[in-house]
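Engineer: Sharing coords-v3.csv (CSV, C-alpha atoms) below.
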chain,number,residue,atom,x,y,z
J,1,MET,CA,147.3,127.1,29.5
J,2,ASN,CA,143.9,125.3,29.8
J,3,GLU,CA,141.5,127.0,32.2
J,4,THR,CA,138.7,124.5,31.6
J,5,ASP,CA,139.9,121.5,33.5
J,6,ASN,CA,140.2,122.9,37.0
J,7,VAL,CA,136.9,121.3,38.3
J,8,LYS,CA,136.0,117.7,38.9
J,9,ALA,CA,132.6,116.4,40.1
J,10,GLU,CA,131.9,113.0,41.9
J,11,VAL,CA,128.8,111.5,43.5
J,12,VAL,CA,128.9,111.6,47.3
J,13,LYS,CA,126.4,109.7,49.5
J,14,VAL,CA,125.2,111.8,52.5
J,15,VAL,CA,123.9,109.8,55.5
J,16,ALA,CA,121.7,111.6,58.0
J,17,ASN,CA,121.9,111.0,61.8
J,18,LEU,CA,119.2,108.4,61.9
J,19,LYS,CA,117.3,107.9,65.2
J,20,SER,CA,114.5,105.7,66.5
J,21,ASP,CA,111.2,107.0,67.7
J,22,LEU,CA,109.2,104.9,70.2
J,23,ILE,CA,105.6,105.4,70.9
J,24,VAL,CA,102.9,103.6,73.0
J,25,GLU,CA,100.4,103.1,70.2
J,26,SER,CA,97.6,101.4,72.1
J,27,THR,CA,96.7,100.0,75.5
J,28,ASP,CA,94.4,97.3,76.6
J,29,LEU,CA,93.0,97.0,80.1
J,30,PRO,CA,89.6,96.7,81.9
J,31,LEU,CA,87.6,99.8,82.6
J,32,PHE,CA,87.2,98.8,86.3
J,33,ALA,CA,89.7,97.6,88.9
J,34,THR,CA,89.6,97.0,92.7
J,35,GLU,CA,92.0,98.4,95.2
J,36,GLY,CA,94.6,95.8,96.4
J,37,ASN,CA,93.9,93.4,93.6
J,38,GLN,CA,95.8,92.3,90.5
J,39,LEU,CA,95.1,93.6,87.0
J,40,LYS,CA,96.2,92.3,83.7
J,41,VAL,CA,97.1,95.0,81.2
J,42,GLY,CA,98.4,95.0,77.6
J,43,TRP,CA,100.0,97.6,75.3
J,44,ALA,CA,101.7,98.0,71.9
J,45,THR,CA,105.0,99.7,71.4
J,46,LYS,CA,105.9,101.0,67.9
J,47,ASN,CA,109.2,102.2,66.5
J,48,GLN,CA,108.2,104.9,63.9
J,49,GLY,CA,111.7,106.2,63.6
J,50,LYS,CA,114.6,105.5,61.1
J,51,ALA,CA,116.8,103.4,63.4
J,52,VAL,CA,116.5,100.2,65.5
J,53,SER,CA,115.9,101.0,69.1
J,54,PRO,CA,117.9,99.1,71.8
J,55,PRO,CA,116.1,97.3,74.7
J,56,THR,CA,114.5,99.9,77.0
J,57,LYS,CA,112.2,100.1,80.0
J,58,LEU,CA,108.4,100.8,80.0
J,59,THR,CA,106.9,102.2,83.2
J,60,ILE,CA,103.3,102.3,84.2
J,61,TYR,CA,102.0,104.9,86.6
J,62,LEU,CA,98.7,105.4,88.5
J,63,SER,CA,97.7,109.0,88.3
J,64,LYS,CA,94.8,111.3,89.0
J,65,VAL,CA,95.4,113.1,85.7
J,66,PRO,CA,96.2,111.8,82.2
J,67,LYS,CA,99.9,112.6,82.6
J,68,ILE,CA,102.9,111.9,84.8
J,69,THR,CA,103.2,114.2,87.8
J,70,ASN,CA,105.0,114.3,91.1
J,71,GLU,CA,101.9,112.7,92.7
J,72,SER,CA,101.8,109.8,90.2
J,73,ILE,CA,102.5,106.4,91.6
J,74,LYS,CA,104.9,104.0,89.8
J,75,ILE,CA,103.3,100.6,89.9
J,76,LEU,CA,105.3,98.6,87.3
J,77,ASP,CA,108.6,98.6,85.5
J,78,PHE,CA,108.8,96.4,82.4
J,79,ASP,CA,111.9,95.5,80.4
J,80,SER,CA,111.1,96.0,76.7
J,81,ARG,CA,113.1,94.3,73.9
J,82,SER,CA,114.7,96.0,70.9
J,83,VAL,CA,112.2,97.2,68.3
J,84,ARG,CA,113.1,97.2,64.6
J,85,ILE,CA,112.2,100.1,62.2
J,86,GLY,CA,108.5,100.1,61.7
J,87,GLU,CA,107.9,97.2,64.0
J,88,ARG,CA,105.0,97.0,66.4
J,89,ILE,CA,105.4,94.7,69.4
J,90,ILE,CA,102.7,93.7,71.9
J,91,ASP,CA,103.4,93.1,75.6
J,92,GLU,CA,101.3,92.3,78.6
J,93,ALA,CA,101.9,92.2,82.4
J,94,ILE,CA,100.1,91.7,85.7
J,95,LEU,CA,100.2,94.7,88.0
J,96,THR,CA,98.8,95.3,91.5
J,97,ILE,CA,96.6,98.2,92.3
J,98,PRO,CA,97.6,99.7,95.7
J,99,ASN,CA,95.2,99.6,98.7
J,100,ASP,CA,93.4,102.9,99.2
J,101,ASN,CA,94.9,103.4,102.7
J,102,GLU,CA,98.5,102.9,101.4
J,103,VAL,CA,98.5,106.0,99.3
J,104,ASP,CA,98.2,109.7,100.3
J,105,GLY,CA,94.9,110.8,98.8
J,106,GLY,CA,93.7,107.3,98.2
J,107,VAL,CA,93.3,105.4,94.9
J,108,ILE,CA,89.5,104.9,94.8
J,109,GLY,CA,87.6,106.8,92.1
J,110,GLU,CA,88.4,107.9,88.5
J,111,ARG,CA,92.1,107.4,87.8
J,112,TYR,CA,94.5,107.0,84.9
J,113,LEU,CA,97.0,104.3,84.0
J,114,VAL,CA,99.9,106.2,82.3
J,115,PHE,CA,102.3,104.2,80.1
J,116,GLU,CA,105.7,105.7,79.4
J,117,THR,CA,108.1,103.9,77.0
J,118,ASP,CA,111.9,104.5,77.2
J,119,SER,CA,111.3,105.7,80.7
J,120,ASN,CA,114.9,105.1,81.6
J,121,PHE,CA,116.0,107.3,78.7
J,122,MET,CA,118.3,104.6,77.2
J,123,GLU,CA,117.6,105.9,73.6
J,124,LYS,CA,118.1,109.3,72.0
J,125,GLU,CA,115.0,109.5,69.9
J,126,SER,CA,114.0,111.8,67.0
J,127,ASN,CA,111.0,112.9,69.2
J,128,GLU,CA,111.3,112.7,72.9
J,129,TYR,CA,107.8,114.0,73.6
J,130,ASN,CA,105.6,111.3,72.3
J,131,ASN,CA,106.5,108.4,74.7
J,132,VAL,CA,103.4,108.6,76.9
J,133,ASP,CA,99.9,107.1,76.5
J,134,PHE,CA,97.1,106.8,79.0
J,135,LYS,CA,93.9,105.0,79.7
J,136,ARG,CA,91.1,106.0,82.1
J,137,ILE,CA,90.2,103.4,84.7
J,138,LYS,CA,87.7,103.4,87.7
J,139,ILE,CA,89.0,101.9,90.9
J,140,GLY,CA,86.5,100.6,93.4
J,141,SER,CA,86.8,99.7,97.1
J,142,ALA,CA,87.2,96.0,97.9
J,143,CYS,CA,85.7,93.7,100.4
J,144,ASP,CA,87.8,91.7,102.9
J,145,LEU,CA,86.4,88.5,104.4
J,146,VAL,CA,87.8,87.2,107.7
J,147,SER,CA,86.6,84.9,110.5
J,148,THR,CA,86.3,86.4,113.9
J,149,ASP,CA,85.3,85.4,117.5
J,150,VAL,CA,86.4,81.8,116.9
J,151,GLU,CA,85.7,79.4,119.8
J,152,ALA,CA,86.2,75.7,119.9
J,153,LEU,CA,85.1,74.0,123.2
J,154,ALA,CA,85.3,70.3,124.1
J,155,ARG,CA,83.0,68.8,126.7
J,156,ILE,CA,81.4,65.6,128.1
J,157,ASP,CA,77.7,65.8,127.9
J,158,TYR,CA,74.6,63.9,126.8
J,159,TYR,CA,74.1,63.6,123.0
J,160,ALA,CA,71.0,61.4,123.4
J,161,PRO,CA,68.6,61.1,126.3
J,162,HIS,CA,70.6,58.4,128.1
J,163,ALA,CA,73.9,58.3,126.2
J,164,LYS,CA,76.9,60.3,127.3
J,165,GLY,CA,79.9,61.2,125.1
J,166,VAL,CA,82.6,63.6,124.2
J,167,LEU,CA,81.3,66.5,122.1
J,168,TYR,CA,82.6,69.9,120.9
J,169,ASP,CA,80.9,73.2,120.1
J,170,VAL,CA,82.3,75.6,117.5
J,171,HIS,CA,81.3,79.3,117.1
J,172,PHE,CA,82.7,81.9,114.7
J,173,LYS,CA,81.6,84.8,112.5
J,174,VAL,CA,82.3,85.4,108.9
J,175,LYS,CA,82.9,89.2,108.7
J,176,ASN,CA,83.4,91.6,105.8
J,177,GLN,CA,85.9,94.1,107.1
J,178,GLY,CA,86.4,95.8,103.7
J,179,ARG,CA,84.7,98.9,102.4
J,180,ASN,CA,82.7,97.2,99.7
J,181,THR,CA,79.9,94.6,99.5
J,182,THR,CA,80.8,91.0,98.6
J,183,GLU,CA,78.2,91.2,95.8
J,184,LYS,CA,77.6,87.4,95.7
J,185,PRO,CA,77.3,84.5,98.2
J,186,THR,CA,80.5,82.6,99.1
J,187,MET,CA,81.6,79.6,101.2
J,188,VAL,CA,83.1,78.8,104.6
J,189,SER,CA,84.6,75.5,105.8
J,190,CYS,CA,85.9,74.3,109.1
J,191,TYR,CA,88.4,71.5,109.9
J,192,LEU,CA,89.8,69.5,112.8
J,193,SER,CA,93.5,69.3,112.6
J,194,LYS,CA,96.3,67.8,114.7
J,195,ASP,CA,98.5,70.7,113.8
J,196,THR,CA,98.1,74.3,112.7
J,197,ASN,CA,98.5,73.6,109.0
J,198,LEU,CA,95.7,72.8,106.7
J,199,ASP,CA,96.3,69.6,104.7
J,200,ARG,CA,94.5,66.6,103.2
J,201,ASP,CA,94.7,64.7,106.5
J,202,ASP,CA,92.5,67.2,108.3
J,203,ARG,CA,88.9,66.3,109.0
J,204,LEU,CA,86.1,68.5,107.5
J,205,ILE,CA,83.5,69.1,110.2
J,206,TYR,CA,81.5,72.0,108.7
J,207,LEU,CA,80.8,73.4,105.2
J,208,ASN,CA,78.4,76.2,104.2
J,209,THR,CA,78.2,76.9,100.5
J,210,ASN,CA,75.7,79.8,100.8
J,211,VAL,CA,77.2,82.4,103.0
J,212,PRO,CA,75.1,85.5,102.2
J,213,VAL,CA,76.1,88.7,100.6
J,214,LEU,CA,77.8,90.9,103.2
J,215,ASP,CA,78.0,94.7,103.3
J,216,ASN,CA,80.8,96.6,105.0
J,217,GLY,CA,80.9,95.5,108.7
J,218,ASP,CA,78.3,92.8,108.3
J,219,ALA,CA,78.9,89.4,109.8
J,220,PHE,CA,77.4,85.9,109.3
J,221,GLU,CA,77.3,83.9,112.5
J,222,VAL,CA,78.0,80.1,112.7
J,223,ASN,CA,77.3,77.8,115.6
J,224,PHE,CA,77.4,74.0,115.4
J,225,SER,CA,78.1,71.0,117.6
J,226,ASN,CA,79.5,67.6,116.8
J,227,ARG,CA,80.0,64.3,118.6
J,228,TRP,CA,83.6,63.2,118.9
J,229,VAL,CA,82.9,59.8,120.5
J,230,GLY,CA,79.9,58.2,122.1
J,231,GLN,CA,79.5,56.5,125.5
J,232,ALA,CA,82.6,54.5,126.5
J,233,PRO,CA,82.2,50.8,127.3
J,234,ASP,CA,83.1,51.3,130.9
J,235,GLY,CA,80.3,53.8,131.6
J,236,PRO,CA,79.3,57.4,130.9
J,237,ASP,CA,81.6,58.7,133.7
J,238,GLY,CA,84.4,56.2,133.1
J,239,PRO,CA,88.1,57.0,132.4
J,240,SER,CA,87.7,56.2,128.7
J,241,LEU,CA,85.7,59.4,128.2
J,242,GLU,CA,88.2,61.4,130.1
J,243,GLU,CA,91.1,60.0,128.0
J,244,THR,CA,89.1,60.7,124.8
J,245,LEU,CA,88.4,64.3,126.0
J,246,ARG,CA,92.1,64.8,126.6
J,247,GLU,CA,92.8,63.5,123.1
J,248,LEU,CA,90.4,66.0,121.6
J,249,LEU,CA,92.1,68.8,123.4
J,250,ASN,CA,95.2,68.2,121.3
J,251,TYR,CA,93.3,69.2,118.2
J,252,HIS,CA,92.9,72.6,116.5
J,253,VAL,CA,90.0,74.0,114.6
J,254,ILE,CA,90.8,75.7,111.3
J,255,VAL,CA,88.3,78.0,109.7
J,256,VAL,CA,88.6,78.8,106.0
J,257,VAL,CA,86.6,81.7,104.5
J,258,ASP,CA,86.0,81.8,100.8
J,259,PRO,CA,88.1,78.6,100.1
J,260,GLU,CA,87.3,78.6,96.4
J,261,ASP,CA,88.3,82.3,95.9
J,262,ILE,CA,84.8,83.2,94.8
J,263,ILE,CA,85.1,86.7,96.1
J,264,SER,CA,87.8,89.2,95.0
J,265,GLU,CA,89.3,90.7,98.2
J,266,SER,CA,91.7,93.4,99.1
J,267,ASP,CA,93.6,90.9,101.2
J,268,GLU,CA,93.6,87.2,100.1
J,269,ASP,CA,96.0,86.1,102.8
J,270,ASN,CA,93.8,86.5,105.9
J,271,ASN,CA,91.1,84.0,105.2
J,272,ILE,CA,92.4,81.2,107.5
J,273,THR,CA,92.0,81.3,111.3
J,274,VAL,CA,93.4,78.6,113.6
J,275,LYS,CA,92.0,78.1,117.1
J,276,ASP,CA,93.1,75.6,119.8
J,277,MET,CA,90.4,73.3,121.1
J,278,GLU,CA,89.7,74.2,124.7
J,279,LEU,CA,87.8,72.7,127.6
J,280,SER,CA,84.3,73.9,128.2
J,281,THR,CA,84.3,73.6,132.0
J,282,GLU,CA,80.9,75.3,132.5
J,283,ARG,CA,79.1,72.8,130.3
J,284,ILE,CA,80.5,69.5,131.6
J,285,LYS,CA,77.8,67.5,133.5
J,286,GLY,CA,79.0,65.1,136.1
J,287,PHE,CA,82.6,65.7,135.2
J,288,GLU,CA,83.5,68.1,138.0
J,289,LYS,CA,81.9,65.8,140.6
J,290,LYS,CA,84.8,63.3,140.2
J,291,ALA,CA,87.4,66.1,140.8
J,292,THR,CA,89.2,64.9,137.7
J,293,THR,CA,92.3,66.7,136.5
J,294,VAL,CA,92.6,67.4,132.8
J,295,VAL,CA,95.9,68.2,131.1
J,296,TYR,CA,96.5,69.4,127.5
J,297,PRO,CA,98.1,69.6,125.0
J,298,VAL,CA,100.0,66.3,125.1
J,299,PRO,CA,102.7,66.3,123.8
J,300,VAL,CA,103.5,69.7,125.1
J,301,LYS,CA,106.2,72.2,124.0
J,302,ASP,CA,106.1,75.3,126.2
J,303,VAL,CA,102.8,75.8,128.0
J,304,LEU,CA,100.8,73.1,129.7
J,305,ASN,CA,97.1,73.7,130.4
J,306,ILE,CA,95.9,72.2,133.6
J,307,VAL,CA,92.2,72.1,134.5
J,308,VAL,CA,91.3,71.3,138.2
J,309,THR,CA,87.9,71.2,139.8
J,310,ASP,CA,88.9,72.1,143.4
J,311,HIS,CA,92.0,72.5,145.6
J,312,THR,CA,94.7,70.4,143.8
J,313,GLU,CA,98.4,69.8,144.2
J,314,ILE,CA,100.2,68.9,141.0
J,315,THR,CA,103.6,67.1,141.0
J,316,ILE,CA,105.4,66.2,137.8
J,317,TYR,CA,108.1,63.4,137.8
J,318,SER,CA,110.7,62.6,135.3
J,319,VAL,CA,110.3,59.0,134.1
J,320,ALA,CA,114.0,58.8,133.3
J,321,THR,CA,115.3,59.8,136.7
J,322,GLY,CA,112.2,59.5,139.0
J,323,SER,CA,113.0,63.0,140.3
J,324,ILE,CA,110.4,65.8,140.9
J,325,VAL,CA,110.8,68.5,138.2
J,326,LEU,CA,107.8,70.6,139.1
J,327,ASN,CA,105.3,71.1,142.0
J,328,LYS,CA,102.4,73.5,142.1
J,329,THR,CA,99.3,73.9,144.2
J,330,PHE,CA,96.0,75.4,142.9
J,331,THR,CA,93.6,76.5,145.5
J,332,GLN,CA,90.4,76.6,143.5
J,333,SER,CA,88.8,75.2,140.4
J,334,GLY,CA,89.8,76.6,137.0
J,335,LYS,CA,92.2,76.4,134.1
J,336,TYR,CA,95.8,77.2,134.7
J,337,GLU,CA,98.8,77.7,132.4
J,338,VAL,CA,102.1,76.2,133.5
J,339,ASN,CA,105.3,77.1,131.7
J,340,VAL,CA,107.3,73.8,131.1
J,341,ALA,CA,109.6,75.2,128.4
J,342,SER,CA,112.6,74.6,130.6
J,343,LEU,CA,111.9,70.9,130.9
J,344,LYS,CA,114.1,68.5,128.9
J,345,ARG,CA,112.5,66.5,126.1
J,346,GLY,CA,111.2,63.2,127.3
J,347,ASN,CA,108.5,61.3,129.3
J,348,TYR,CA,107.0,62.6,132.5
J,349,ILE,CA,104.2,61.6,134.9
J,350,LEU,CA,101.8,64.2,136.3
J,351,ASP,CA,100.3,63.2,139.7
J,352,ASP,CA,97.3,65.2,141.1
J,353,HIS,CA,97.5,63.3,144.4
J,354,LYS,CA,93.8,62.3,144.0
J,355,GLY,CA,94.5,58.9,142.3
J,356,LYS,CA,95.1,60.4,138.9
J,357,LYS,CA,98.4,59.9,137.2
J,358,ILE,CA,98.8,61.2,133.6
J,359,ASN,CA,101.5,60.3,131.2
J,360,MET,CA,103.0,63.5,129.7
J,361,ILE,CA,105.4,63.9,126.8
J,362,LYS,CA,107.7,67.0,126.6
J,363,ARG,CA,108.9,67.7,123.0
Represent the supplied structure as structure tokens.

Structural biologist:
Amino acid sequence: MNETDNVKAEVVKVVANLKSDLIVESTDLPLFATEGNQLKVGWATKNQGKAVSPPTKLTIYLSKVPKITNESIKILDFDSRSVRIGERIIDEAILTIPNDNEVDGGVIGERYLVFETDSNFMEKESNEYNNVDFKRIKIGSACDLVSTDVEALARIDYYAPHAKGVLYDVHFKVKNQGRNTTEKPTMVSCYLSKDTNLDRDDRLIYLNTNVPVLDNGDAFEVNFSNRWVGQAPDGPDGPSLEETLRELLNYHVIVVVDPEDIISESDEDNNITVKDMELSTERIKGFEKKATTVVYPVPVKDVLNIVVTDHTEITIYSVATGSIVLNKTFTQSGKYEVNVASLKRGNYILDDHKGKKINMIKR
């Protein structure tokens, strides 16, 4: 027998259980951010393992310490693509820093943005403890500009020594209701509009390109007057002025603070204020003497403003049927609001029983 041929040797290839290993290799972001504002950040993800990683998720947290804790705030989830062996990919995103009052303990001060790759644990990696990187950032308080105390008053008055016309006075304040200074001057503009939307058809009536720097709680006051129309052909107290005044009362004043977005604010959606034009009864000269009734807005939808100068009975007739649809008596001068929401759409006539009949449209 041959005892030397019992063993045979062959080459066998042994393959290890290869895994990927994702890390956040670098981050790129500003050193300073403002509460409530957007921030552009960038980062690089590298696969330093021995296998291709599938698509995963990267999550960014805002934290008081350079790690993820129960108090860390998730502010962005980002879908990352597959990363080949040894590949380094660069991504960027825009995130929003929360407002200080929206978070327990606030966000203002020294904070950390913590980046965690494979945050949804889609990949079993060779090292599961190197997926986090962080960058220190300082978050400051933001300013917030608004317009307050807006008034728009129409009147008949003298705009020259012997010339009467329809004028309007506008008053408002530009206020910084945020916690931080505006740091540089800004702008404010004001428009006359037939509706409550700002568009290219609206008339610019005021522009200030040098609203001063405002600290927290400070306000910049604006007062101006403009002439809507001069003396009517049939006299300073004639009906043309009254009709023109009534037309003006259908307009709205729109105040726009920081229209060019010069200032970075915690709330960029509260810079526009709309105010109805109202009648300035205390400043009309010679208007009350005629006991003239003023009605606005026309057309009207739900609420009709009626201004009377003494005891006045108001009757509204339907043009279509000739029937009385509303009758009210006002015992003294003043402005009254009358609900006409129940009236059908159409044309009406308002009679003040003092010789004044006003065409009225219900929409």

Engineer: Do you have the CA of Thr96 in chain J-CA of Lys184 in chain J distance handy?

Structural biologist: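 Straight-line distance from CA of Thr96 in chain J to CA of Lys184 in chain J works out to 23.0 Å.
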
Engineer: For Asn210 in chain J, which residue out of J:Glu116, J:Asp258, J:Glu71, J:Glu242 is the nearest one, using only C-alpha atoms?

Structural biologist: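 Using only C-alpha atoms, Asn210 in chain J sits closest to J:Asp258.
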
Engineer: Would you pick out the contacts of Phe172 in chain J at 6 Å or less, using all atoms listed in the file, so that residues sharing its chain but fewer than 5 positions from it are not included, and give the list as a compact mmCIF listing (two decimals) with C-alpha atoms, in the frame of the given file?

Structural biologist:
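part.txt written:
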# COMPACT_ATOMS: atom_id res chain seq x y z
CA THR J 148 86.30 86.40 113.90
CA ASP J 149 85.30 85.40 117.50
CA VAL J 150 86.40 81.80 116.90
CA VAL J 222 78.00 80.10 112.70

Engineer: List as a list in words the protein and nucleic acid residues near Asp269 in chain J, meaning an atom at most 12 Å away when only C-alpha atoms are counted, but skip any in the same chain fewer than 4 places from it.

Structural biologist: Gly36, Asn37, Asp144, Leu145, Val146, Val256, Val257, Asp258, Pro259, Asp261, Ser264, Glu265 and Thr273 of chain J

Engineer: Nearest to Leu39 in chain J: which of J:Ala219, J:Val229, J:Leu95, J:Val52 is it, counting all atoms listed in the file?

Structural biologist: J:Leu95

Engineer: Fewer than 5 positions away in the same chain doesn't count, so skip those; otherwise give me all residues within 12 Å of Trp43 in chain J, counting all atoms listed in the file, as a list in words.

Structural biologist: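 The residues that qualify are Ile23, Val24, Glu25, Ser26, Thr27, Asp28, Leu29, Leu58, Thr59, Ile60, Phe78, Ser80, Arg88, Ile89, Ile90, Asp91, Glu92, Ala93, Ile94, Leu113, Val114, Phe115, Glu116, Thr117, Val132, Asp133, Phe134 and Lys135 of chain J.
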
Engineer: Report, in Å to a single decimal, how far apart CA of Leu18 in chain J and CA of Pro54 in chain J are.

Structural biologist: 13.6 Å

Engineer: Might you pull out every residue within 8 Å of Asp169 in chain J, with all atoms listed in the file counted and same-chain residues fewer than 3 positions away left off, and present them as a compact mmCIF listing (two decimals) with C-alpha atoms, keeping the file's coordinate frame?

Structural biologist:
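Contents of around_29.txt, freshly written:
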# COMPACT_ATOMS: atom_id res chain seq x y z
CA GLU J 151 85.70 79.40 119.80
CA ALA J 152 86.20 75.70 119.90
CA LEU J 153 85.10 74.00 123.20
CA ALA J 154 85.30 70.30 124.10
CA ASN J 223 77.30 77.80 115.60
CA PHE J 224 77.40 74.00 115.40
CA SER J 225 78.10 71.00 117.60
CA ASN J 226 79.50 67.60 116.80

Engineer: What is the CA of Ser63 in chain J-CA of Gly105 in chain J distance in Å, reported with one decimal?

Structural biologist: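 Atom-to-atom, CA of Ser63 in chain J to CA of Gly105 in chain J, that is 11.0 Å.
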
Engineer: Between J:Val188, J:Ile139, J:Val338, J:Ala163, which one has atoms that come closest to Val211 in chain J, using only C-alpha atoms?

Structural biologist: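 Checking each candidate against Val211 in chain J, we get J:Val188 as the closest.
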
Engineer: Which of these, J:Gly140, J:Gly322, J:Gly230, J:Gly217, has the shortest distance to Gly165 in chain J once you count only C-alpha atoms?

Structural biologist: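 For Gly165 in chain J, the nearest of the given residues is J:Gly230.
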
Engineer: Under the rule that all atoms listed in the file are counted, which of J:Pro30, J:Gly106, J:Pro185, J:Pro212 is the nearest residue to Lys138 in chain J?

Structural biologist: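 Among J:Pro30, J:Gly106, J:Pro185, J:Pro212, it is J:Pro30 that comes nearest to Lys138 in chain J.
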
Engineer: Measuring atom to atom with all atoms listed in the file, identify which of J:Ser333, J:Thr321, J:Thr45, J:Asn127 is nearest to Val307 in chain J.

Structural biologist: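 The closest residue to Val307 in chain J is J:Ser333.
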